[in-house]
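Following: one structure in structure tokens, then a few remarks.
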Amino acid sequence: MSEENLFPQEDFIQRILPRLPSKEQQELLQGVLERVARGDPEAGFDLDDAVLNLPPVAQDWLKEKYLIHERQRHGMETLPGQISLLPASQRWVCPEENCPEDEPVLQEGEEPPECPHHHRRMIRASQKEDHAG
Ligand SMILES: [Zn+2]
């Protein structure tokens, strides 16, 4: 089995972890991720459990990332929005025109995350659509 084809679920979880509404959940997940990184054989199961306790919007977001990853693995291109399990109102996107980065909205009133490439505060996807075309 080739490692490079594995879905990097941990990287995506790490990205949304600081914004999780519950501090307890953040700490629990951080602990599980550290065990996964150390190669603890049980940690994978605990991670699956922890993912099931994430807000539904975060689970849908991870599912989307997984589906896109699988398409890429099979050499299929995925256009932005082609695989979309989240409504635009529940998605943060980068304000830059062609930036594919996005994150789920985990709770109303939360601080927008920053785009890891452009270091700009993200906006709701619904706002971006309003401005486009
Ligand atoms: Zn960006």
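Starting from 1 in every chain, residues are counted up; chains themselves are A, B, ... following the order of the structure tokens, and ligands are numbered from 1 as listed.
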Could you pull out the residues sitting within 12 Å of ligand 1, using only C-alpha atoms and all ligand atoms, and write them as a PDB file with C-alpha atoms, in the first residue's frame?
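Saved as result-v7.pdb:
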ATOM      1  CA  TRP A  92     -15.665  29.818   4.801  1.00  0.00           C
ATOM      2  CA  VAL A  93     -13.767  30.568   1.582  1.00  0.00           C
ATOM      3  CA  CYS A  94     -10.723  32.671   0.703  1.00  0.00           C
ATOM      4  CA  PRO A  95     -11.629  36.067  -0.808  1.00  0.00           C
ATOM      5  CA  GLU A  96      -8.944  35.594  -3.499  1.00  0.00           C
ATOM      6  CA  GLU A  97     -10.479  34.872  -6.904  1.00  0.00           C
ATOM      7  CA  ASN A  98      -9.164  31.393  -7.701  1.00  0.00           C
ATOM      8  CA  CYS A  99      -8.173  30.127  -4.288  1.00  0.00           C
ATOM      9  CA  PRO A 100      -9.597  26.646  -3.569  1.00  0.00           C
ATOM     10  CA  GLU A 101      -9.132  26.824   0.218  1.00  0.00           C
ATOM     11  CA  ASP A 102     -12.213  26.488   2.367  1.00  0.00           C
ATOM     12  CA  GLU A 103     -13.249  25.528   5.879  1.00  0.00           C
ATOM     13  CA  PRO A 113     -10.232  31.463   9.817  1.00  0.00           C
ATOM     14  CA  GLU A 114      -7.267  32.641   7.729  1.00  0.00           C
ATOM     15  CA  CYS A 115      -6.397  31.266   4.291  1.00  0.00           C
ATOM     16  CA  PRO A 116      -3.158  29.312   4.772  1.00  0.00           C
ATOM     17  CA  HIS A 117      -1.855  30.539   1.393  1.00  0.00           C
ATOM     18  CA  HIS A 118      -2.922  34.171   1.278  1.00  0.00           C
ATOM     19  CA  HIS A 119      -3.175  34.896   4.995  1.00  0.00           C
ATOM     20  CA  ARG A 120      -6.409  36.735   4.396  1.00  0.00           C
ATOM     21  CA  ARG A 121      -9.453  36.360   6.574  1.00  0.00           C
ATOM     22  CA  MET A 122     -11.942  34.059   4.935  1.00  0.00           C
ATOM     23  CA  ILE A 123     -15.501  35.089   4.042  1.00  0.00           C
TER      24      ILE A 123
END
Spatial neighbours of A:Lys65, max dist 12 Å, only C-alpha atoms, sep filter under 2 positions, as a VMD selection string: chain A and resid 7 to 13 58 to 63 67 to 72 78 80 to 86 100 to 104
Residues from the last selection, C-alpha atoms, saved as a JSON list (two decimals), in the first residue's frame:
[["chain", "number", "residue", "atom", "x", "y", "z"],
["A", 7, "PHE", "CA", -6.19, 10.59, 2.57],
["A", 8, "PRO", "CA", -4.48, 13.06, 4.95],
["A", 9, "GLN", "CA", -7.48, 13.24, 7.29],
["A", 10, "GLU", "CA", -5.29, 14.30, 10.22],
["A", 11, "ASP", "CA", -4.11, 17.43, 8.39],
["A", 12, "PHE", "CA", -7.68, 18.54, 7.77],
["A", 13, "ILE", "CA", -8.72, 17.84, 11.37],
["A", 58, "ALA", "CA", -17.23, 19.37, 10.07],
["A", 59, "GLN", "CA", -17.98, 15.73, 9.26],
["A", 60, "ASP", "CA", -19.52, 16.72, 5.93],
["A", 61, "TRP", "CA", -16.49, 18.89, 5.18],
["A", 62, "LEU", "CA", -14.13, 15.97, 5.87],
["A", 63, "LYS", "CA", -16.30, 13.75, 3.64],
["A", 67, "LEU", "CA", -14.27, 12.38, -2.02],
["A", 68, "ILE", "CA", -12.15, 15.01, -3.78],
["A", 69, "HIS", "CA", -9.00, 13.17, -2.73],
["A", 70, "GLU", "CA", -10.36, 9.90, -4.11],
["A", 71, "ARG", "CA", -11.16, 11.53, -7.45],
["A", 72, "GLN", "CA", -7.66, 12.97, -7.68],
["A", 78, "THR", "CA", -12.70, 18.13, -9.62],
["A", 80, "PRO", "CA", -14.75, 23.89, -7.43],
["A", 81, "GLY", "CA", -18.24, 23.21, -6.12],
["A", 82, "GLN", "CA", -18.58, 19.97, -8.03],
["A", 83, "ILE", "CA", -18.57, 17.97, -4.82],
["A", 84, "SER", "CA", -20.46, 20.06, -2.32],
["A", 85, "LEU", "CA", -22.01, 18.67, 0.84],
["A", 86, "LEU", "CA", -22.02, 22.01, 2.67],
["A", 100, "PRO", "CA", -9.60, 26.65, -3.57],
["A", 101, "GLU", "CA", -9.13, 26.82, 0.22],
["A", 102, "ASP", "CA", -12.21, 26.49, 2.37],
["A", 103, "GLU", "CA", -13.25, 25.53, 5.88],
["A", 104, "PRO", "CA", -16.57, 24.73, 7.53]]
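Our summary of the geometry notes that atom CA of A:Glu129 is positioned 23.4 Å from atom CA of A:Pro56.
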DSSP strand (DSSP E) residues within stretch 32-102 of chain A, as a list in words: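 Going through stretch 32-102 of chain A, the strand (DSSP E) residues come out as Arg91, Trp92, Val93 and Asp102 of chain A.
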Generate the output file for the selected residues, N, CA and C atoms, as an mmCIF file, in the first residue's frame.
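Output saved as result.cif:
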data_model
loop_
_atom_site.group_PDB
_atom_site.id
_atom_site.type_symbol
_atom_site.label_atom_id
_atom_site.label_comp_id
_atom_site.auth_asym_id
_atom_site.auth_seq_id
_atom_site.Cartn_x
_atom_site.Cartn_y
_atom_site.Cartn_z
ATOM 1 N N ARG A 91 -19.910 27.625 4.804
ATOM 2 C CA ARG A 91 -18.553 27.410 4.317
ATOM 3 C C ARG A 91 -17.780 28.720 4.318
ATOM 4 N N TRP A 92 -16.590 28.707 4.924
ATOM 5 C CA TRP A 92 -15.665 29.818 4.801
ATOM 6 C C TRP A 92 -14.833 29.610 3.538
ATOM 7 N N VAL A 93 -14.641 30.666 2.757
ATOM 8 C CA VAL A 93 -13.767 30.568 1.582
ATOM 9 C C VAL A 93 -12.810 31.748 1.583
ATOM 10 N N ASP A 102 -10.951 26.250 1.673
ATOM 11 C CA ASP A 102 -12.213 26.488 2.367
ATOM 12 C C ASP A 102 -12.204 25.768 3.700
#
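Atom CA of A:Leu54 to atom CA of A:Leu6 spans 21.3 Å [interatomic distance, one decimal].
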